[in-house]
file structure_19.cif (mmCIF, C-alpha atoms)
data_input
#
loop_
_atom_site.group_PDB
_atom_site.id
_atom_site.type_symbol
_atom_site.label_atom_id
_atom_site.label_comp_id
_atom_site.auth_asym_id
_atom_site.auth_seq_id
_atom_site.Cartn_x
_atom_site.Cartn_y
_atom_site.Cartn_z
ATOM 1 C CA MET A 1078 110.313 72.949 81.818
ATOM 2 C CA SER A 1079 113.236 72.919 84.319
ATOM 3 C CA LEU A 1080 113.774 76.696 84.241
ATOM 4 C CA ALA A 1081 111.401 79.420 85.466
ATOM 5 C CA VAL A 1082 111.764 83.205 85.679
ATOM 6 C CA VAL A 1083 109.769 85.318 88.158
ATOM 7 C CA SER A 1084 109.825 89.117 88.589
ATOM 8 C CA SER A 1085 110.093 90.811 91.978
ATOM 9 C CA ARG A 1086 111.477 93.979 93.625
ATOM 10 C CA ALA A 1087 114.281 94.748 96.088
ATOM 11 C CA ILE A 1088 114.102 97.759 98.410
ATOM 12 C CA THR A 1089 117.278 99.868 98.324
ATOM 13 C CA GLY A 1090 116.819 103.067 100.275
ATOM 14 C CA MET A 1091 113.638 104.666 98.926
ATOM 15 C CA ALA A 1092 113.826 102.870 95.568
ATOM 16 C CA ALA A 1093 112.356 99.487 94.630
ATOM 17 C CA ARG A 1094 114.678 98.067 91.978
ATOM 18 C CA PRO A 1095 113.570 95.203 89.680
ATOM 19 C CA VAL A 1096 114.875 91.751 90.594
ATOM 20 C CA THR A 1097 114.642 88.641 88.426
ATOM 21 C CA VAL A 1098 114.294 85.367 90.323
ATOM 22 C CA GLU A 1099 115.605 82.507 88.177
ATOM 23 C CA VAL A 1100 114.934 78.935 89.301
ATOM 24 C CA HIS A 1101 116.644 75.962 87.647
ATOM 25 C CA LEU A 1102 116.097 72.264 88.413
ATOM 26 C CA ALA A 1103 118.889 69.844 87.477
ATOM 27 C CA ASN A 1104 119.748 66.211 88.033
ATOM 28 C CA GLY A 1105 122.111 65.440 90.861
ATOM 29 C CA LEU A 1106 122.191 65.284 94.626
ATOM 30 C CA PRO A 1107 119.016 66.971 96.013
ATOM 31 C CA GLY A 1108 119.723 70.389 97.474
ATOM 32 C CA LEU A 1109 118.970 74.100 97.151
ATOM 33 C CA SER A 1110 121.566 76.762 96.331
ATOM 34 C CA LEU A 1111 120.685 80.446 96.612
ATOM 35 C CA VAL A 1112 122.970 82.954 94.853
ATOM 36 C CA GLY A 1113 122.815 86.645 93.969
ATOM 37 C CA LEU A 1114 124.092 88.432 97.114
ATOM 38 C CA PRO A 1115 121.297 87.354 99.528
ATOM 39 C CA ASP A 1116 121.497 88.346 103.186
ATOM 40 C CA THR A 1117 120.749 85.994 106.082
ATOM 41 C CA GLU A 1118 117.006 86.642 106.002
ATOM 42 C CA VAL A 1119 116.859 85.710 102.316
ATOM 43 C CA LYS A 1120 119.016 82.615 102.795
ATOM 44 C CA GLU A 1121 116.614 81.370 105.464
ATOM 45 C CA SER A 1122 113.802 81.449 102.890
ATOM 46 C CA ARG A 1123 114.782 77.949 101.713
ATOM 47 C CA GLU A 1124 113.296 76.420 104.877
ATOM 48 C CA ARG A 1125 110.199 78.626 104.843
ATOM 49 C CA VAL A 1126 109.546 77.856 101.181
ATOM 50 C CA ARG A 1127 110.050 74.104 101.635
ATOM 51 C CA SER A 1128 107.567 73.904 104.512
ATOM 52 C CA ALA A 1129 105.057 76.243 102.827
ATOM 53 C CA LEU A 1130 105.007 74.140 99.640
ATOM 54 C CA GLN A 1131 104.619 70.857 101.506
ATOM 55 C CA ASN A 1132 101.881 72.186 103.814
ATOM 56 C CA SER A 1133 100.060 73.596 100.773
ATOM 57 C CA ARG A 1134 99.954 70.052 99.313
ATOM 58 C CA PHE A 1135 102.567 70.708 96.647
ATOM 59 C CA GLU A 1136 105.560 68.491 95.957
ATOM 60 C CA PHE A 1137 108.990 69.865 96.790
ATOM 61 C CA PRO A 1138 111.245 68.580 93.966
ATOM 62 C CA ALA A 1139 113.904 66.084 95.054
ATOM 63 C CA ARG A 1140 116.394 67.575 92.593
ATOM 64 C CA ARG A 1141 119.298 69.987 92.584
ATOM 65 C CA ILE A 1142 117.695 73.454 92.733
ATOM 66 C CA THR A 1143 119.641 76.613 91.885
ATOM 67 C CA ILE A 1144 118.016 79.991 92.555
ATOM 68 C CA ASN A 1145 119.624 83.146 91.186
ATOM 69 C CA LEU A 1146 118.544 86.630 92.269
ATOM 70 C CA ALA A 1147 119.634 89.014 89.510
ATOM 71 C CA PRO A 1148 121.309 91.475 89.249
ATOM 72 C CA ALA A 1149 124.060 89.768 91.213
ATOM 73 C CA ASP A 1150 125.657 92.998 92.477
ATOM 74 C CA LEU A 1151 122.484 94.253 94.193
ATOM 75 C CA PRO A 1152 122.177 93.263 97.884
ATOM 76 C CA LYS A 1153 118.914 91.410 98.593
ATOM 77 C CA ALA A 1154 117.259 91.761 101.996
ATOM 78 C CA SER A 1155 113.937 90.958 103.730
ATOM 79 C CA GLY A 1156 111.600 88.015 103.321
ATOM 80 C CA CYS A 1157 109.775 89.456 100.303
ATOM 81 C CA PHE A 1158 111.450 86.923 97.988
ATOM 82 C CA ASP A 1159 109.742 83.907 99.605
ATOM 83 C CA LEU A 1160 106.720 84.102 97.317
ATOM 84 C CA PRO A 1161 108.584 84.505 93.980
ATOM 85 C CA ILE A 1162 110.997 81.710 94.936
ATOM 86 C CA ALA A 1163 108.113 79.347 95.764
ATOM 87 C CA LEU A 1164 106.311 80.188 92.506
ATOM 88 C CA GLY A 1165 109.528 79.696 90.529
ATOM 89 C CA ILE A 1166 110.016 76.218 92.023
ATOM 90 C CA LEU A 1167 106.414 75.274 91.195
ATOM 91 C CA ALA A 1168 106.712 76.545 87.617
ATOM 92 C CA ALA A 1169 110.102 74.910 87.016
ATOM 93 C CA SER A 1170 108.779 71.574 88.291
ATOM 94 C CA GLY A 1171 105.648 71.758 86.096
ATOM 95 C CA GLN A 1172 103.173 72.178 88.956
ATOM 96 C CA LEU A 1173 102.156 75.707 87.868
ATOM 97 C CA PRO A 1174 101.719 77.241 84.385
ATOM 98 C CA GLU A 1175 104.514 79.680 83.608
ATOM 99 C CA ALA A 1176 102.442 81.973 81.361
ATOM 100 C CA GLY A 1177 100.925 83.957 84.244
ATOM 101 C CA LEU A 1178 104.319 84.705 85.753
ATOM 102 C CA ARG A 1179 105.250 86.978 82.842
ATOM 103 C CA THR A 1180 102.410 89.434 83.533
ATOM 104 C CA HIS A 1181 102.923 89.833 87.293
ATOM 105 C CA GLU A 1182 105.489 90.860 89.874
ATOM 106 C CA PHE A 1183 105.458 89.155 93.266
ATOM 107 C CA ALA A 1184 106.594 89.952 96.806
ATOM 108 C CA GLY A 1185 105.605 88.364 100.081
ATOM 109 C CA GLU A 1186 106.915 86.468 103.081
ATOM 110 C CA LEU A 1187 105.649 82.925 103.566
ATOM 111 C CA SER A 1188 104.747 81.309 106.855
ATOM 112 C CA LEU A 1189 105.351 77.580 107.306
ATOM 113 C CA THR A 1190 101.635 76.970 106.668
ATOM 114 C CA GLY A 1191 101.664 78.797 103.322
ATOM 115 C CA GLU A 1192 100.025 82.004 104.546
ATOM 116 C CA LEU A 1193 101.398 85.326 103.295
ATOM 117 C CA ARG A 1194 102.758 87.842 105.777
ATOM 118 C CA PRO A 1195 103.123 91.603 105.181
ATOM 119 C CA VAL A 1196 106.357 92.945 103.729
ATOM 120 C CA ARG A 1197 108.067 96.309 104.106
ATOM 121 C CA GLY A 1198 107.999 98.710 101.155
ATOM 122 C CA GLY A 1199 104.840 97.664 99.309
ATOM 123 C CA LEU A 1200 104.040 101.303 98.584
ATOM 124 C CA ALA A 1201 107.552 101.877 97.218
ATOM 125 C CA MET A 1202 107.158 98.881 94.881
ATOM 126 C CA ALA A 1203 103.856 100.157 93.527
ATOM 127 C CA SER A 1204 105.315 103.655 93.061
ATOM 128 C CA ALA A 1205 108.282 102.247 91.118
ATOM 129 C CA MET A 1206 105.978 100.231 88.853
ATOM 130 C CA ALA A 1207 103.784 103.278 88.217
ATOM 131 C CA ALA A 1208 106.847 105.401 87.379
ATOM 132 C CA GLN A 1209 108.013 102.879 84.755
ATOM 133 C CA PRO A 1210 104.877 101.166 83.388
ATOM 134 C CA SER A 1211 105.517 97.621 82.190
ATOM 135 C CA GLY A 1212 101.972 96.304 81.922
ATOM 136 C CA ARG A 1213 102.534 93.968 84.875
ATOM 137 C CA ALA A 1214 100.361 93.685 87.983
ATOM 138 C CA LEU A 1215 101.780 93.504 91.502
ATOM 139 C CA VAL A 1216 100.786 90.637 93.831
ATOM 140 C CA LEU A 1217 101.296 91.270 97.554
ATOM 141 C CA PRO A 1218 99.947 90.033 100.905
ATOM 142 C CA VAL A 1219 96.534 91.554 101.626
ATOM 143 C CA SER A 1220 97.612 94.174 104.176
ATOM 144 C CA SER A 1221 100.573 95.270 102.044
ATOM 145 C CA ALA A 1222 98.335 95.379 98.963
ATOM 146 C CA GLN A 1223 95.912 97.813 100.615
ATOM 147 C CA GLU A 1224 98.826 100.154 101.267
ATOM 148 C CA ALA A 1225 100.203 99.766 97.714
ATOM 149 C CA ALA A 1226 96.748 100.417 96.218
ATOM 150 C CA LEU A 1227 97.100 104.050 97.298
ATOM 151 C CA VAL A 1228 99.167 104.417 94.096
ATOM 152 C CA GLU A 1229 96.281 104.653 91.650
ATOM 153 C CA ALA A 1230 98.391 104.078 88.510
ATOM 154 C CA ALA A 1231 99.483 100.605 89.680
ATOM 155 C CA THR A 1232 97.448 97.405 89.391
ATOM 156 C CA VAL A 1233 97.724 95.587 92.725
ATOM 157 C CA TYR A 1234 96.256 92.261 93.860
ATOM 158 C CA GLY A 1235 96.088 91.052 97.449
ATOM 159 C CA ALA A 1236 96.461 87.391 98.424
ATOM 160 C CA ARG A 1237 96.150 85.640 101.780
ATOM 161 C CA THR A 1238 97.903 82.347 100.999
ATOM 162 C CA LEU A 1239 100.218 80.702 98.489
ATOM 163 C CA LEU A 1240 97.263 78.642 97.259
ATOM 164 C CA ASP A 1241 95.336 81.838 96.434
ATOM 165 C CA VAL A 1242 98.205 83.031 94.231
ATOM 166 C CA CYS A 1243 98.480 79.647 92.501
ATOM 167 C CA ALA A 1244 94.729 79.622 91.832
ATOM 168 C CA HIS A 1245 95.065 83.089 90.279
ATOM 169 C CA LEU A 1246 97.881 81.869 87.987
ATOM 170 C CA ALA A 1247 96.269 78.548 87.026
ATOM 171 C CA ALA A 1248 95.035 77.721 83.544
ATOM 172 C CA PRO A 1249 92.194 80.079 82.496
ATOM 173 C CA GLU A 1250 89.489 77.397 82.616
ATOM 174 C CA VAL A 1251 90.160 76.613 86.300
ATOM 175 C CA ALA A 1252 91.678 79.891 87.539
ATOM 176 C CA THR A 1253 90.206 81.824 90.463
ATOM 177 C CA PRO A 1254 91.306 85.453 89.948
ATOM 178 C CA LEU A 1255 92.454 87.432 92.954
ATOM 179 C CA PRO A 1256 90.440 90.540 93.859
ATOM 180 C CA ARG A 1257 92.070 93.812 92.970
ATOM 181 C CA ALA A 1258 93.285 95.619 96.067
ATOM 182 C CA VAL A 1259 91.369 98.737 97.049
ATOM 183 C CA ALA A 1260 92.862 101.525 99.130
ATOM 184 C CA PRO A 1261 90.979 101.903 102.433
ATOM 185 C CA GLN A 1262 88.909 105.039 102.912
ATOM 186 C CA THR A 1263 90.708 107.409 105.251
ATOM 187 C CA SER A 1264 89.730 110.625 106.973
ATOM 188 C CA GLY A 1265 92.683 112.416 105.425
ATOM 189 C CA GLY A 1266 92.153 111.079 101.917
ATOM 190 C CA ASP A 1267 90.200 114.054 100.601
ATOM 191 C CA ALA A 1268 92.857 116.427 101.857
ATOM 192 C CA ALA A 1269 95.360 114.847 99.457
ATOM 193 C CA SER A 1270 93.343 115.884 96.434
ATOM 194 C CA PRO A 1271 94.105 119.251 94.837
ATOM 195 C CA ALA A 1272 90.439 119.471 93.863
ATOM 196 C CA ALA A 1273 89.162 119.104 97.441
ATOM 197 C CA THR A 1274 86.863 121.837 98.707
ATOM 198 C CA ALA A 1275 87.783 124.017 101.664
ATOM 199 C CA GLY A 1276 85.283 122.128 103.846
ATOM 200 C CA GLU A 1277 86.709 118.728 102.850
ATOM 201 C CA ILE A 1278 90.242 119.918 103.539
ATOM 202 C CA ALA A 1279 89.281 121.277 106.953
ATOM 203 C CA ALA A 1280 87.477 118.041 107.817
ATOM 204 C CA GLY A 1281 90.425 115.905 106.701
ATOM 205 C CA ILE A 1282 92.977 117.908 108.650
ATOM 206 C CA GLY A 1283 90.844 118.291 111.753
ATOM 207 C CA ALA A 1284 90.195 114.545 111.967
ATOM 208 C CA GLY A 1285 93.777 113.711 112.795
ATOM 209 C CA MET A 1286 95.654 116.872 113.767
ATOM 210 C CA ALA A 1287 95.757 119.173 116.781
ATOM 211 C CA ASP A 1288 93.938 122.435 116.077
ATOM 212 C CA MET A 1289 95.053 125.963 116.896
ATOM 213 C CA VAL A 1290 91.556 126.714 118.230
ATOM 214 C CA ASP A 1291 92.466 124.726 121.363
ATOM 215 C CA ILE A 1292 94.938 127.441 122.423
ATOM 216 C CA LYS A 1293 93.655 130.495 124.289
ATOM 217 C CA GLY A 1294 95.728 133.662 124.065
ATOM 218 C CA GLN A 1295 99.372 133.427 122.884
ATOM 219 C CA ALA A 1296 98.604 135.768 119.953
ATOM 220 C CA HIS A 1297 102.265 136.595 119.341
ATOM 221 C CA ALA A 1298 103.295 132.916 119.200
ATOM 222 C CA LYS A 1299 100.323 132.037 116.998
ATOM 223 C CA ARG A 1300 101.326 134.760 114.564
ATOM 224 C CA ALA A 1301 104.867 133.352 114.447
ATOM 225 C CA LEU A 1302 103.492 129.874 113.620
ATOM 226 C CA GLU A 1303 101.318 131.285 110.836
ATOM 227 C CA VAL A 1304 104.275 133.092 109.268
ATOM 228 C CA ALA A 1305 106.438 129.949 109.506
ATOM 229 C CA ALA A 1306 103.706 127.804 107.919
ATOM 230 C CA ALA A 1307 103.036 130.301 105.125
ATOM 231 C CA GLY A 1308 106.697 130.702 104.186
ATOM 232 C CA GLY A 1309 107.974 127.221 104.962
ATOM 233 C CA HIS A 1310 110.367 128.560 107.626
ATOM 234 C CA HIS A 1311 111.972 126.977 110.663
ATOM 235 C CA ILE A 1312 110.820 128.250 114.038
ATOM 236 C CA LEU A 1313 112.389 128.258 117.506
ATOM 237 C CA PHE A 1314 110.373 128.562 120.730
ATOM 238 C CA TYR A 1315 112.372 129.577 123.789
ATOM 239 C CA GLY A 1316 111.067 130.079 127.286
ATOM 240 C CA PRO A 1317 110.554 128.605 130.766
ATOM 241 C CA PRO A 1318 108.630 125.338 131.290
ATOM 242 C CA GLY A 1319 104.846 125.502 131.231
ATOM 243 C CA THR A 1320 104.470 128.417 128.815
ATOM 244 C CA GLY A 1321 102.911 126.300 126.040
ATOM 245 C CA LYS A 1322 105.873 125.826 123.693
ATOM 246 C CA SER A 1323 105.189 122.153 122.968
ATOM 247 C CA MET A 1324 101.434 122.697 122.695
ATOM 248 C CA LEU A 1325 102.000 125.427 120.104
ATOM 249 C CA ALA A 1326 104.541 123.407 118.137
ATOM 250 C CA THR A 1327 102.206 120.415 117.793
ATOM 251 C CA ARG A 1328 99.663 122.685 116.056
ATOM 252 C CA LEU A 1329 102.032 123.659 113.220
ATOM 253 C CA ALA A 1330 101.173 120.693 110.976
ATOM 254 C CA GLY A 1331 97.509 121.706 111.016
ATOM 255 C CA LEU A 1332 98.390 125.115 109.554
ATOM 256 C CA LEU A 1333 100.204 123.693 106.535
ATOM 257 C CA PRO A 1334 98.333 123.378 103.214
ATOM 258 C CA PRO A 1335 96.974 119.938 102.274
ATOM 259 C CA LEU A 1336 99.302 117.511 100.516
ATOM 260 C CA THR A 1337 98.885 116.907 96.807
ATOM 261 C CA LYS A 1338 98.567 113.264 95.757
ATOM 262 C CA ALA A 1339 102.214 113.178 94.625
ATOM 263 C CA GLN A 1340 103.395 114.627 97.942
ATOM 264 C CA ALA A 1341 101.175 112.222 99.887
ATOM 265 C CA VAL A 1342 102.742 109.280 98.025
ATOM 266 C CA GLU A 1343 106.245 110.570 98.844
ATOM 267 C CA ALA A 1344 105.495 110.863 102.560
ATOM 268 C CA ALA A 1345 103.679 107.533 102.716
ATOM 269 C CA THR A 1346 106.457 105.732 100.818
ATOM 270 C CA LEU A 1347 109.054 106.884 103.330
ATOM 271 C CA ALA A 1348 106.826 105.791 106.209
ATOM 272 C CA SER A 1349 106.310 102.363 104.606
ATOM 273 C CA LEU A 1350 110.086 101.813 104.598
ATOM 274 C CA SER A 1351 110.412 102.386 108.342
ATOM 275 C CA ALA A 1352 110.299 99.675 110.964
ATOM 276 C CA GLN A 1353 106.791 100.796 112.029
ATOM 277 C CA GLY A 1354 105.417 100.808 108.469
ATOM 278 C CA PHE A 1355 102.706 103.102 107.141
ATOM 279 C CA ASP A 1356 99.288 103.409 108.753
ATOM 280 C CA THR A 1357 96.771 103.983 105.957
ATOM 281 C CA ARG A 1358 94.633 106.027 108.380
ATOM 282 C CA HIS A 1359 97.304 108.742 108.074
ATOM 283 C CA TRP A 1360 97.037 108.992 104.291
ATOM 284 C CA GLY A 1361 96.973 112.603 103.157
ATOM 285 C CA ARG A 1362 98.114 114.025 106.507
ATOM 286 C CA ARG A 1363 101.280 116.009 107.051
ATOM 287 C CA PRO A 1364 103.818 113.898 108.989
ATOM 288 C CA PHE A 1365 104.598 115.068 112.510
ATOM 289 C CA ARG A 1366 107.700 113.526 114.093
ATOM 290 C CA ALA A 1367 108.745 114.254 117.672
ATOM 291 C CA PRO A 1368 111.836 112.162 118.561
ATOM 292 C CA HIS A 1369 112.976 112.046 122.181
ATOM 293 C CA HIS A 1370 115.708 114.501 123.057
ATOM 294 C CA THR A 1371 118.065 111.577 123.841
ATOM 295 C CA ALA A 1372 117.682 110.075 120.330
ATOM 296 C CA SER A 1373 121.011 109.169 118.732
ATOM 297 C CA SER A 1374 122.381 110.671 115.542
ATOM 298 C CA ALA A 1375 121.667 107.398 113.726
ATOM 299 C CA ALA A 1376 118.026 107.520 114.808
ATOM 300 C CA LEU A 1377 117.694 111.069 113.533
ATOM 301 C CA VAL A 1378 119.595 110.705 110.259
ATOM 302 C CA GLY A 1379 118.886 107.033 109.433
ATOM 303 C CA GLY A 1380 121.129 104.792 107.371
ATOM 304 C CA GLY A 1381 122.565 101.366 108.140
ATOM 305 C CA SER A 1382 123.851 98.503 106.000
ATOM 306 C CA VAL A 1383 120.295 98.206 104.708
ATOM 307 C CA PRO A 1384 119.354 101.921 104.586
ATOM 308 C CA ARG A 1385 116.327 102.884 106.676
ATOM 309 C CA PRO A 1386 114.853 106.381 106.975
ATOM 310 C CA GLY A 1387 115.539 108.307 110.181
ATOM 311 C CA GLU A 1388 113.331 110.850 111.918
ATOM 312 C CA ILE A 1389 114.471 113.645 109.585
ATOM 313 C CA SER A 1390 113.441 111.672 106.500
ATOM 314 C CA LEU A 1391 110.166 110.525 108.071
ATOM 315 C CA ALA A 1392 109.242 114.176 108.635
ATOM 316 C CA HIS A 1393 109.467 114.852 104.865
ATOM 317 C CA ARG A 1394 106.623 117.171 103.749
ATOM 318 C CA GLY A 1395 105.671 117.652 107.396
ATOM 319 C CA VAL A 1396 107.031 118.832 110.742
ATOM 320 C CA LEU A 1397 110.082 117.705 112.720
ATOM 321 C CA PHE A 1398 109.654 118.750 116.357
ATOM 322 C CA LEU A 1399 112.842 118.697 118.461
ATOM 323 C CA ASP A 1400 111.853 119.269 122.087
ATOM 324 C CA GLU A 1401 114.500 120.165 124.688
ATOM 325 C CA PHE A 1402 117.004 120.649 121.876
ATOM 326 C CA ASP A 1403 120.653 120.527 122.977
ATOM 327 C CA PHE A 1404 122.655 123.257 121.244
ATOM 328 C CA SER A 1405 125.912 121.693 122.421
ATOM 329 C CA LEU A 1406 125.475 118.907 119.846
ATOM 330 C CA SER A 1407 127.822 119.307 116.894
#

call {"tool": "encode", "arguments": {"input": "structure_19.cif", "output": "structure tokens"}}
result
Amino acid sequence: MSLAVVSSRAITGMAARPVTVEVHLANGLPGLSLVGLPDTEVKESRERVRSALQNSRFEFPARRITINLAPADLPKASGCFDLPIALGILAASGQLPEAGLRTHEFAGELSLTGELRPVRGGLAMASAMAAQPSGRALVLPVSSAQEAALVEAATVYGARTLLDVCAHLAAPEVATPLPRAVAPQTSGGDAASPAATAGEIAAGIGAGMADMVDIKGQAHAKRALEVAAAGGHHILFYGPPGTGKSMLATRLAGLLPPLTKAQAVEAATLASLSAQGFDTRHWGRRPFRAPHHTASSAALVGGGSVPRPGEISLAHRGVLFLDEFDFSLS
């Protein structure tokens, strides 16, 4: 069959919208056309995909290849479309059965050797699939799959190479199924469960957060922190250098109640969309963000042509600590 359809996801802000990758092979001068509002990073996928297929011992079709990323009005960014494009070319050229493509969604960046590299927003993709169940499983690079597996309602598989994915999608009699991704055990994991005991919560919080027990004295300031934590209030510390303002402020996150699973997913999803990504060791912990006092408005608020969360968004469900705050800022 000269036409193949593969499902994927595009990150837009905090959402992961469905994208259909359509690959058509036609007679004519050999070439590859990529349409559907791709950015530069997506357009460059043609060279990555070509090399990955050839180095994985597949044949790159010497035909006119048209790849459409639908919907056409949705901007497509990042290298996460490398894997679905490669699978679409293999299915359209008859080198891979198309049946398995209908029951999976794919995202992953390909290296020239055919290895899969992590992509941004794996947790957001899994959350979107869990919110609108379709019966499909999500296939991601291994490290991204471990992050996405934190969403328990989603079925996630992790793959290391393009060949691993193809073996998973092969005919049933020769297929080698991928292992289902498992979320790593984290010290803060128990704290994200509403059913956790008081001891488990204390252990989870204490493993990764500064504790108020480290501070001697400062009873008045401690009381202010407790009131702010209990009521969800803002708090301002004012005083000369060396009086312990920063040390007290860094203890606020440890006073907050543990995150529920839904809240933990929200905070982790935002972190996964940032340039630094999400560290699974921080699962279930309240975010604590402390931007430098010279940080720009864009760094604090976020945004951009491809929206990225700023420090304010990354502190969602946690604490935003603004040290040496300049009140002259408008």

call {"tool": "atom_distance", "arguments": {"input": "structure_19.cif", "atom1": "CA of Glu1182 in chain A", "atom2": "CA of Ala1225 in chain A"}}
result
13.0 Å

call {"tool": "resolve_selection", "arguments": {"input": "structure_19.cif", "expression": "the PyMOL selection byres ((chain A and resi 1241) around 12)", "output": "tab-separated table (two decimals) with C-alpha atoms, keeping the file's coordinate frame"}}
result
chain	number	residue	atom	x	y	z
A	1133	SER	CA	100.06	73.60	100.77
A	1160	LEU	CA	106.72	84.10	97.32
A	1164	LEU	CA	106.31	80.19	92.51
A	1191	GLY	CA	101.66	78.80	103.32
A	1192	GLU	CA	100.02	82.00	104.55
A	1193	LEU	CA	101.40	85.33	103.30
A	1216	VAL	CA	100.79	90.64	93.83
A	1217	LEU	CA	101.30	91.27	97.55
A	1218	PRO	CA	99.95	90.03	100.90
A	1219	VAL	CA	96.53	91.55	101.63
A	1234	TYR	CA	96.26	92.26	93.86
A	1235	GLY	CA	96.09	91.05	97.45
A	1236	ALA	CA	96.46	87.39	98.42
A	1237	ARG	CA	96.15	85.64	101.78
A	1238	THR	CA	97.90	82.35	101.00
A	1239	LEU	CA	100.22	80.70	98.49
A	1240	LEU	CA	97.26	78.64	97.26
A	1242	VAL	CA	98.20	83.03	94.23
A	1243	CYS	CA	98.48	79.65	92.50
A	1244	ALA	CA	94.73	79.62	91.83
A	1245	HIS	CA	95.06	83.09	90.28
A	1246	LEU	CA	97.88	81.87	87.99
A	1247	ALA	CA	96.27	78.55	87.03
A	1252	ALA	CA	91.68	79.89	87.54
A	1253	THR	CA	90.21	81.82	90.46
A	1254	PRO	CA	91.31	85.45	89.95
A	1255	LEU	CA	92.45	87.43	92.95
A	1256	PRO	CA	90.44	90.54	93.86

call {"tool": "atom_distance", "arguments": {"input": "structure_19.cif", "atom1": "CA of Gly1379 in chain A", "atom2": "CA of Ala1348 in chain A"}}
result
12.5 Å

call {"tool": "residues_around", "arguments": {"input": "structure_19.cif", "residues": "range 1115-1130 of chain A", "least_positions_apart": "2", "cutoff": "6 Å", "atoms": "only C-alpha atoms", "output": "list in words"}}
result
Gly1113, Asn1132, Ser1133, Phe1135, Lys1153, Ala1154, Ser1155, Gly1156, Asp1159, Ala1163, Leu1189, Thr1190 and Gly1191 of chain A

call {"tool": "closest_residue", "arguments": {"input": "structure_19.cif", "among": "A:Pro1261, A:Val1083, A:Ser1220, A:Thr1089", "to": "Leu1178 in chain A", "atoms": "only C-alpha atoms"}}
result
A:Val1083

call {"tool": "resolve_selection", "arguments": {"input": "structure_19.cif", "expression": "the PyMOL selection byres ((chain A and resi 1213) around 7)", "output": "PyMOL selection string"}}
result
chain A and resi 1180-1182+1211-1212+1214-1215

call {"tool": "write_last_selection", "arguments": {"input": "structure_19.cif", "atoms": "C-alpha atoms", "output": "mmCIF file, in the frame of the given file"}}
result
data_model
loop_
_atom_site.group_PDB
_atom_site.id
_atom_site.type_symbol
_atom_site.label_atom_id
_atom_site.label_comp_id
_atom_site.auth_asym_id
_atom_site.auth_seq_id
_atom_site.Cartn_x
_atom_site.Cartn_y
_atom_site.Cartn_z
ATOM 1 C CA THR A 1180 102.410 89.434 83.533
ATOM 2 C CA HIS A 1181 102.923 89.833 87.293
ATOM 3 C CA GLU A 1182 105.489 90.860 89.874
ATOM 4 C CA SER A 1211 105.517 97.621 82.190
ATOM 5 C CA GLY A 1212 101.972 96.304 81.922
ATOM 6 C CA ALA A 1214 100.361 93.685 87.983
ATOM 7 C CA LEU A 1215 101.780 93.504 91.502
#

call {"tool": "resolve_selection", "arguments": {"input": "structure_19.cif", "expression": "the PyMOL selection byres ((chain A and resi 1299) around 12)", "output": "list in words"}}
result
Asp1288, Met1289, Val1290, Asp1291, Ile1292, Lys1293, Gly1294, Gln1295, Ala1296, His1297, Ala1298, Arg1300, Ala1301, Leu1302, Glu1303, Val1304, Ala1305, Ala1306, Ile1312, Phe1314, Gly1321, Lys1322, Met1324, Leu1325, Ala1326, Thr1327, Arg1328, Leu1329 and Leu1332 of chain A

call {"tool": "atom_distance", "arguments": {"input": "structure_19.cif", "atom1": "CA of Lys1338 in chain A", "atom2": "CA of Arg1362 in chain A"}}
result
10.8 Å

call {"tool": "closest_residue", "arguments": {"input": "structure_19.cif", "among": "A:His1369, A:Ala1339, A:Cys1157, A:Ala1307", "to": "Arg1194 in chain A", "atoms": "all atoms listed in the file"}}
result
A:Cys1157

call {"tool": "closest_residue", "arguments": {"input": "structure_19.cif", "among": "A:Ala1207, A:Ala1345, A:Ala1258, A:Val1233", "to": "Ser1390 in chain A", "atoms": "only C-alpha atoms"}}
result
A:Ala1345

call {"tool": "closest_residue", "arguments": {"input": "structure_19.cif", "among": "A:Ser1079, A:Gln1353, A:Thr1320, A:Gln1340", "to": "Gln1172 in chain A", "atoms": "only C-alpha atoms"}}
result
A:Ser1079

call {"tool": "closest_residue", "arguments": {"input": "structure_19.cif", "among": "A:Val1196, A:Thr1357, A:Glu1186, A:Ser1084", "to": "Val1259 in chain A", "atoms": "all atoms listed in the file"}}
result
A:Thr1357

call {"tool": "residues_near_point", "arguments": {"input": "structure_19.cif", "point": "(125.6, 90.2, 90.8)", "cutoff": "12 Å", "atoms": "all atoms listed in the file", "output": "list in words"}}
result
Val1096, Thr1097, Val1112, Gly1113, Leu1114, Pro1115, Asn1145, Leu1146, Ala1147, Pro1148, Ala1149, Asp1150, Leu1151, Pro1152 and Lys1153 of chain A
